[in-house]
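*Asks:* Structure: input_15.cif, mmCIF, C-alpha atoms.
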```
data_start
loop_
_atom_site.group_PDB
_atom_site.id
_atom_site.type_symbol
_atom_site.label_atom_id
_atom_site.label_comp_id
_atom_site.auth_asym_id
_atom_site.auth_seq_id
_atom_site.Cartn_x
_atom_site.Cartn_y
_atom_site.Cartn_z
ATOM 1 C CA MET A 1 98.532 -79.487 183.452
ATOM 2 C CA MET A 2 100.594 -82.177 181.746
ATOM 3 C CA ILE A 3 98.418 -84.899 183.243
ATOM 4 C CA THR A 4 95.221 -83.308 181.907
ATOM 5 C CA THR A 5 96.443 -82.577 178.378
ATOM 6 C CA SER A 6 94.201 -84.320 175.846
ATOM 7 C CA ILE A 7 95.472 -86.962 173.453
ATOM 8 C CA GLU A 8 94.300 -84.762 170.572
ATOM 9 C CA GLU A 9 96.444 -81.856 171.755
ATOM 10 C CA LEU A 10 99.444 -84.143 172.244
ATOM 11 C CA GLN A 11 98.949 -85.558 168.732
ATOM 12 C CA GLN A 12 98.809 -82.078 167.183
ATOM 13 C CA ARG A 13 101.980 -81.017 169.001
ATOM 14 C CA ALA A 14 103.762 -84.248 168.095
ATOM 15 C CA ARG A 15 102.840 -83.924 164.425
ATOM 16 C CA ARG A 16 104.089 -80.303 164.320
ATOM 17 C CA ILE A 17 107.351 -81.299 166.017
ATOM 18 C CA ALA A 18 107.891 -84.335 163.771
ATOM 19 C CA ASP A 19 107.097 -82.383 160.601
ATOM 20 C CA GLU A 20 109.491 -79.582 161.544
ATOM 21 C CA VAL A 21 112.314 -81.967 162.447
ATOM 22 C CA LYS A 22 111.794 -83.885 159.172
ATOM 23 C CA SER A 23 111.866 -80.651 157.172
ATOM 24 C CA ARG A 24 115.192 -79.632 158.739
ATOM 25 C CA THR A 25 117.005 -83.006 158.598
ATOM 26 C CA SER A 26 117.436 -85.874 156.156
ATOM 27 C CA GLY A 27 118.111 -89.581 156.476
ATOM 28 C CA TRP A 28 116.162 -89.979 159.697
ATOM 29 C CA HIS A 29 112.911 -91.706 160.499
ATOM 30 C CA VAL A 30 110.845 -89.233 162.538
ATOM 31 C CA ASP A 31 107.291 -90.211 163.353
ATOM 32 C CA VAL A 32 104.465 -89.974 165.884
ATOM 33 C CA THR A 33 103.142 -92.861 167.950
ATOM 34 C CA THR A 34 100.814 -93.490 170.843
ATOM 35 C CA THR A 35 102.472 -94.638 174.037
ATOM 36 C CA THR A 36 101.887 -95.052 177.743
ATOM 37 C CA ALA A 37 103.142 -92.622 180.361
ATOM 38 C CA TYR A 38 103.475 -93.464 184.038
ATOM 39 C CA LEU A 39 102.449 -90.841 186.531
ATOM 40 C CA GLY A 40 105.360 -91.296 188.890
ATOM 41 C CA ALA A 41 107.044 -93.247 191.594
ATOM 42 C CA GLY A 42 105.831 -92.081 195.027
ATOM 43 C CA SER A 43 102.114 -92.522 195.467
ATOM 44 C CA LEU A 44 101.213 -93.609 191.887
ATOM 45 C CA PRO A 45 104.062 -95.858 190.671
ATOM 46 C CA ASN A 46 101.873 -98.024 188.445
ATOM 47 C CA GLN A 47 99.273 -95.492 187.302
ATOM 48 C CA GLN A 48 99.235 -95.502 183.491
ATOM 49 C CA LEU A 49 98.063 -92.727 181.206
ATOM 50 C CA LYS A 50 97.749 -92.738 177.408
ATOM 51 C CA SER A 51 100.230 -90.428 175.742
ATOM 52 C CA VAL A 52 101.774 -89.478 172.406
ATOM 53 C CA ALA A 53 105.446 -89.466 171.487
ATOM 54 C CA VAL A 54 107.802 -88.439 168.727
ATOM 55 C CA THR A 55 109.975 -91.374 167.657
ATOM 56 C CA LEU A 56 113.415 -91.127 166.103
ATOM 57 C CA ALA A 57 115.492 -93.714 164.249
ATOM 58 C CA GLY A 58 118.189 -93.610 161.631
ATOM 59 C CA GLN A 59 119.659 -95.833 158.974
ATOM 60 C CA ASN A 60 123.230 -95.346 160.175
ATOM 61 C CA ALA A 61 122.782 -94.872 163.931
ATOM 62 C CA SER A 62 121.447 -97.162 166.620
ATOM 63 C CA GLU A 63 118.822 -96.017 169.088
ATOM 64 C CA ARG A 64 121.584 -95.851 171.731
ATOM 65 C CA GLU A 65 123.724 -93.622 169.517
ATOM 66 C CA ILE A 66 120.817 -91.295 168.824
ATOM 67 C CA ALA A 67 119.951 -91.174 172.542
ATOM 68 C CA GLU A 68 123.548 -90.286 173.392
ATOM 69 C CA ARG A 69 123.611 -87.489 170.807
ATOM 70 C CA LEU A 70 120.456 -86.023 172.302
ATOM 71 C CA ARG A 71 121.567 -86.405 175.951
ATOM 72 C CA THR A 72 124.861 -84.653 175.300
ATOM 73 C CA GLY A 73 123.323 -81.785 173.317
ATOM 74 C CA THR A 74 122.312 -78.339 174.486
ATOM 75 C CA PRO A 75 119.747 -78.467 175.891
ATOM 76 C CA PRO A 76 119.973 -82.167 176.672
ATOM 77 C CA VAL A 77 116.984 -84.287 175.648
ATOM 78 C CA VAL A 78 116.302 -87.544 177.458
ATOM 79 C CA GLY A 79 114.027 -90.056 175.845
ATOM 80 C CA ARG A 80 113.530 -93.739 176.351
ATOM 81 C CA LEU A 81 114.610 -96.552 174.084
ATOM 82 C CA GLY A 82 112.162 -99.015 172.620
ATOM 83 C CA ARG A 83 111.423 -101.017 169.492
ATOM 84 C CA GLY A 84 114.479 -99.600 167.707
ATOM 85 C CA PHE A 85 113.536 -95.979 168.355
ATOM 86 C CA VAL A 86 114.266 -93.150 170.737
ATOM 87 C CA ILE A 87 110.891 -92.188 172.165
ATOM 88 C CA ILE A 88 110.224 -88.614 173.291
ATOM 89 C CA ASP A 89 106.976 -88.655 175.287
ATOM 90 C CA LEU A 90 105.276 -85.274 175.009
ATOM 91 C CA ARG A 91 103.565 -85.624 178.388
ATOM 92 C CA ALA A 92 107.020 -84.818 179.760
ATOM 93 C CA VAL A 93 107.422 -81.678 177.626
ATOM 94 C CA LEU A 94 105.616 -78.412 178.261
ATOM 95 C CA PRO A 95 104.092 -76.783 175.155
ATOM 96 C CA GLU A 96 106.303 -73.724 175.604
ATOM 97 C CA GLN A 97 109.328 -76.031 175.283
ATOM 98 C CA ASP A 98 108.352 -77.330 171.833
ATOM 99 C CA ALA A 99 110.554 -74.895 169.871
ATOM 100 C CA SER A 100 113.576 -75.704 172.050
ATOM 101 C CA LEU A 101 112.856 -79.410 171.674
ATOM 102 C CA ILE A 102 112.727 -79.085 167.886
ATOM 103 C CA ASP A 103 116.049 -77.221 167.827
ATOM 104 C CA ALA A 104 117.657 -79.784 170.157
ATOM 105 C CA LEU A 105 116.407 -82.728 168.073
ATOM 106 C CA VAL A 106 117.623 -81.153 164.834
ATOM 107 C CA ALA A 107 121.031 -80.368 166.346
ATOM 108 C CA GLY A 108 121.344 -83.873 167.780
ATOM 109 C CA LEU A 109 120.441 -85.557 164.505
ATOM 110 C CA GLN A 110 122.830 -83.356 162.532
ATOM 111 C CA ALA A 111 125.753 -84.007 164.913
#
```
Here is the file; what I need is its structure written in the form of structure tokens.
*Replies:*
Amino acid sequence: MMITTSIEELQQRARRIADEVKSRTSGWHVDVTTTTAYLGAGSLPNQQLKSVAVTLAGQNASEREIAERLRTGTPPVVGRLGRGFVIIDLRAVLPEQDASLIDALVAGLQA
């Protein structure tokens, strides 16, 4: 299912997540960007797929600090680092996990 999710659906989910996180926090840069997902190691290690991500950055915290806050939260959130942001690729998040992701991002940014 995650592999067949349309870019439009990913963009809608990402915008809802970003808007909710922004409404519940302050002082953070929360945005939506297009990105590239990789299908996996095993049989398709280099197979690329367009994706959409929520990006997080802050004026007083590095991308590594933000990533650590999220990894050590409950539930832990693991993103990748790039271009000064923590990148949460929504191809790796099931739609039914969106509310938990929002709560985890808010908690991590408020820590």
*Asks:* Name every residue that the PyMOL selection byres ((chain A and resi 20-28) around 10) selects in this structure, writing the answer as a PyMOL selection string with chains first and numbers rising.
*Replies:* chain A and resi 14-19+29-31+56-61+99+101-107+109-110
*Asks:* Specify as a list of chain:residue names each residue included when the PyMOL selection byres ((chain A and resi 78-94) around 8) is applied to this file.
*Replies:* A:Met2, A:Ile3, A:Thr5, A:Leu10, A:Ala14, A:Thr35, A:Ala37, A:Ser51, A:Val52, A:Ala53, A:Val54, A:Thr55, A:Leu56, A:Ala57, A:Ser62, A:Glu63, A:Arg64, A:Ile66, A:Ala67, A:Leu70, A:Arg71, A:Pro76, A:Val77, A:Pro95, A:Glu96, A:Gln97, A:Asp98
*Asks:* Give me, please, the distance in Å between atom CA of A:Leu39 and atom CA of A:Glu9, quoted to one decimal.
*Replies:* 18.3 Å
*Asks:* What is the atom CA of A:Ile7 to atom CA of A:Val32 distance in Å?
*Replies:*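 Taking atom CA of A:Ile7 as the start and atom CA of A:Val32 as the end point, the length is 12.1 Å.
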*Asks:* Just give me the gap between atom CA of A:Lys50 and atom CA of A:Gln12 in Å, one decimal is fine.
*Replies:*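 That distance, rounded to one decimal, is 14.8 Å.
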*Asks:* For the PyMOL selection byres ((chain A and resi 38) around 7), applied here, can you spell out every residue it catches as a VMD selection string?
*Replies:* chain A and resid 36 to 37 39 to 40 46 to 49
*Asks:* Based on the selection just made, write C-alpha atoms of those residues as a PDB file, in the frame of the given file.
*Replies:*
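Once everything was written out, this is selection_11.pdb:
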```
ATOM      1  CA  THR A  36     101.887 -95.052 177.743  1.00  0.00           C
ATOM      2  CA  ALA A  37     103.142 -92.622 180.361  1.00  0.00           C
ATOM      3  CA  LEU A  39     102.449 -90.841 186.531  1.00  0.00           C
ATOM      4  CA  GLY A  40     105.360 -91.296 188.890  1.00  0.00           C
ATOM      5  CA  ASN A  46     101.873 -98.024 188.445  1.00  0.00           C
ATOM      6  CA  GLN A  47      99.273 -95.492 187.302  1.00  0.00           C
ATOM      7  CA  GLN A  48      99.235 -95.502 183.491  1.00  0.00           C
ATOM      8  CA  LEU A  49      98.063 -92.727 181.206  1.00  0.00           C
TER       9      LEU A  49
END
```
*Asks:* Let me have the centre and edge lengths in Å, one decimal, of the box along x, y and z around every listed atom of stretch 57-76 of chain A with 4 Å of margin on each side, as JSON.
*Replies:*
```
{"center_x": 120.2, "center_y": -87.8, "center_z": 167.8, "size_x": 17.4, "size_y": 26.8, "size_z": 25.7}
```
*Asks:* What would stretch 10-45 of chain A look like with N, CA and C atoms restored, written as a PDB file, keeping the file's coordinate frame?
*Replies:*
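Output (out.pdb):
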```pdb
ATOM      1  N   LEU A  10      98.120 -83.521 172.328  1.00  0.00           N
ATOM      2  CA  LEU A  10      99.444 -84.143 172.244  1.00  0.00           C
ATOM      3  C   LEU A  10      99.745 -84.582 170.814  1.00  0.00           C
ATOM      4  N   GLN A  11      98.749 -85.133 170.121  1.00  0.00           N
ATOM      5  CA  GLN A  11      98.949 -85.558 168.732  1.00  0.00           C
ATOM      6  C   GLN A  11      99.257 -84.376 167.822  1.00  0.00           C
ATOM      7  N   GLN A  12      98.552 -83.270 168.002  1.00  0.00           N
ATOM      8  CA  GLN A  12      98.809 -82.078 167.183  1.00  0.00           C
ATOM      9  C   GLN A  12     100.222 -81.565 167.414  1.00  0.00           C
ATOM     10  N   ARG A  13     100.628 -81.483 168.686  1.00  0.00           N
ATOM     11  CA  ARG A  13     101.980 -81.017 169.001  1.00  0.00           C
ATOM     12  C   ARG A  13     103.018 -81.967 168.417  1.00  0.00           C
ATOM     13  N   ALA A  14     102.810 -83.255 168.590  1.00  0.00           N
ATOM     14  CA  ALA A  14     103.762 -84.248 168.095  1.00  0.00           C
ATOM     15  C   ALA A  14     103.901 -84.169 166.589  1.00  0.00           C
ATOM     16  N   ARG A  15     102.789 -84.016 165.886  1.00  0.00           N
ATOM     17  CA  ARG A  15     102.840 -83.924 164.425  1.00  0.00           C
ATOM     18  C   ARG A  15     103.602 -82.677 163.990  1.00  0.00           C
ATOM     19  N   ARG A  16     103.349 -81.535 164.654  1.00  0.00           N
ATOM     20  CA  ARG A  16     104.089 -80.303 164.320  1.00  0.00           C
ATOM     21  C   ARG A  16     105.585 -80.492 164.561  1.00  0.00           C
ATOM     22  N   ILE A  17     105.936 -81.086 165.686  1.00  0.00           N
ATOM     23  CA  ILE A  17     107.351 -81.299 166.017  1.00  0.00           C
ATOM     24  C   ILE A  17     107.986 -82.241 164.993  1.00  0.00           C
ATOM     25  N   ALA A  18     107.343 -83.364 164.722  1.00  0.00           N
ATOM     26  CA  ALA A  18     107.891 -84.335 163.771  1.00  0.00           C
ATOM     27  C   ALA A  18     108.045 -83.720 162.386  1.00  0.00           C
ATOM     28  N   ASP A  19     107.026 -83.005 161.927  1.00  0.00           N
ATOM     29  CA  ASP A  19     107.097 -82.383 160.601  1.00  0.00           C
ATOM     30  C   ASP A  19     108.242 -81.377 160.516  1.00  0.00           C
ATOM     31  N   GLU A  20     108.418 -80.585 161.555  1.00  0.00           N
ATOM     32  CA  GLU A  20     109.491 -79.582 161.544  1.00  0.00           C
ATOM     33  C   GLU A  20     110.865 -80.249 161.569  1.00  0.00           C
ATOM     34  N   VAL A  21     111.025 -81.267 162.391  1.00  0.00           N
ATOM     35  CA  VAL A  21     112.314 -81.967 162.447  1.00  0.00           C
ATOM     36  C   VAL A  21     112.606 -82.622 161.095  1.00  0.00           C
ATOM     37  N   LYS A  22     111.603 -83.258 160.493  1.00  0.00           N
ATOM     38  CA  LYS A  22     111.794 -83.885 159.172  1.00  0.00           C
ATOM     39  C   LYS A  22     112.173 -82.857 158.116  1.00  0.00           C
ATOM     40  N   SER A  23     111.577 -81.668 158.185  1.00  0.00           N
ATOM     41  CA  SER A  23     111.866 -80.651 157.172  1.00  0.00           C
ATOM     42  C   SER A  23     113.279 -80.082 157.307  1.00  0.00           C
ATOM     43  N   ARG A  24     113.871 -80.212 158.491  1.00  0.00           N
ATOM     44  CA  ARG A  24     115.192 -79.632 158.739  1.00  0.00           C
ATOM     45  C   ARG A  24     116.317 -80.660 158.781  1.00  0.00           C
ATOM     46  N   THR A  25     115.991 -81.949 158.592  1.00  0.00           N
ATOM     47  CA  THR A  25     117.005 -83.006 158.598  1.00  0.00           C
ATOM     48  C   THR A  25     116.728 -83.954 157.437  1.00  0.00           C
ATOM     49  N   SER A  26     117.678 -84.840 157.167  1.00  0.00           N
ATOM     50  CA  SER A  26     117.436 -85.874 156.156  1.00  0.00           C
ATOM     51  C   SER A  26     118.103 -87.172 156.606  1.00  0.00           C
ATOM     52  N   GLY A  27     117.558 -88.275 156.145  1.00  0.00           N
ATOM     53  CA  GLY A  27     118.111 -89.581 156.476  1.00  0.00           C
ATOM     54  C   GLY A  27     117.653 -90.150 157.808  1.00  0.00           C
ATOM     55  N   TRP A  28     116.657 -89.531 158.398  1.00  0.00           N
ATOM     56  CA  TRP A  28     116.162 -89.979 159.697  1.00  0.00           C
ATOM     57  C   TRP A  28     114.697 -90.359 159.595  1.00  0.00           C
ATOM     58  N   HIS A  29     114.317 -91.332 160.395  1.00  0.00           N
ATOM     59  CA  HIS A  29     112.911 -91.706 160.499  1.00  0.00           C
ATOM     60  C   HIS A  29     112.352 -90.970 161.713  1.00  0.00           C
ATOM     61  N   VAL A  30     111.466 -90.023 161.468  1.00  0.00           N
ATOM     62  CA  VAL A  30     110.845 -89.233 162.538  1.00  0.00           C
ATOM     63  C   VAL A  30     109.342 -89.432 162.396  1.00  0.00           C
ATOM     64  N   ASP A  31     108.713 -89.910 163.454  1.00  0.00           N
ATOM     65  CA  ASP A  31     107.291 -90.211 163.353  1.00  0.00           C
ATOM     66  C   ASP A  31     106.591 -89.925 164.675  1.00  0.00           C
ATOM     67  N   VAL A  32     105.303 -90.182 164.705  1.00  0.00           N
ATOM     68  CA  VAL A  32     104.465 -89.974 165.884  1.00  0.00           C
ATOM     69  C   VAL A  32     103.824 -91.309 166.235  1.00  0.00           C
ATOM     70  N   THR A  33     103.770 -91.627 167.505  1.00  0.00           N
ATOM     71  CA  THR A  33     103.142 -92.861 167.950  1.00  0.00           C
ATOM     72  C   THR A  33     102.408 -92.650 169.266  1.00  0.00           C
ATOM     73  N   THR A  34     101.444 -93.500 169.529  1.00  0.00           N
ATOM     74  CA  THR A  34     100.814 -93.490 170.843  1.00  0.00           C
ATOM     75  C   THR A  34     101.694 -94.298 171.782  1.00  0.00           C
ATOM     76  N   THR A  35     101.643 -93.969 173.041  1.00  0.00           N
ATOM     77  CA  THR A  35     102.472 -94.638 174.037  1.00  0.00           C
ATOM     78  C   THR A  35     101.759 -94.587 175.377  1.00  0.00           C
ATOM     79  N   THR A  36     102.425 -95.080 176.387  1.00  0.00           N
ATOM     80  CA  THR A  36     101.887 -95.052 177.743  1.00  0.00           C
ATOM     81  C   THR A  36     102.857 -94.318 178.636  1.00  0.00           C
ATOM     82  N   ALA A  37     102.349 -93.350 179.374  1.00  0.00           N
ATOM     83  CA  ALA A  37     103.142 -92.622 180.361  1.00  0.00           C
ATOM     84  C   ALA A  37     102.784 -93.173 181.738  1.00  0.00           C
ATOM     85  N   TYR A  38     103.719 -93.059 182.653  1.00  0.00           N
ATOM     86  CA  TYR A  38     103.475 -93.464 184.038  1.00  0.00           C
ATOM     87  C   TYR A  38     103.545 -92.223 184.904  1.00  0.00           C
ATOM     88  N   LEU A  39     102.602 -92.081 185.783  1.00  0.00           N
ATOM     89  CA  LEU A  39     102.449 -90.841 186.531  1.00  0.00           C
ATOM     90  C   LEU A  39     103.554 -90.585 187.536  1.00  0.00           C
ATOM     91  N   GLY A  40     104.249 -91.578 188.001  1.00  0.00           N
ATOM     92  CA  GLY A  40     105.360 -91.296 188.890  1.00  0.00           C
ATOM     93  C   GLY A  40     105.581 -92.381 189.907  1.00  0.00           C
ATOM     94  N   ALA A  41     106.668 -92.263 190.586  1.00  0.00           N
ATOM     95  CA  ALA A  41     107.044 -93.247 191.594  1.00  0.00           C
ATOM     96  C   ALA A  41     106.146 -93.078 192.811  1.00  0.00           C
ATOM     97  N   GLY A  42     106.582 -92.428 193.829  1.00  0.00           N
ATOM     98  CA  GLY A  42     105.831 -92.081 195.027  1.00  0.00           C
ATOM     99  C   GLY A  42     104.504 -92.757 195.215  1.00  0.00           C
ATOM    100  N   SER A  43     103.440 -91.998 195.150  1.00  0.00           N
ATOM    101  CA  SER A  43     102.114 -92.522 195.467  1.00  0.00           C
ATOM    102  C   SER A  43     101.422 -93.217 194.291  1.00  0.00           C
ATOM    103  N   LEU A  44     101.879 -93.024 193.059  1.00  0.00           N
ATOM    104  CA  LEU A  44     101.213 -93.609 191.887  1.00  0.00           C
ATOM    105  C   LEU A  44     102.209 -94.334 190.967  1.00  0.00           C
ATOM    106  N   PRO A  45     102.998 -95.278 191.493  1.00  0.00           N
ATOM    107  CA  PRO A  45     104.062 -95.858 190.671  1.00  0.00           C
ATOM    108  C   PRO A  45     103.567 -96.654 189.474  1.00  0.00           C
TER     109      PRO A  45
END
```
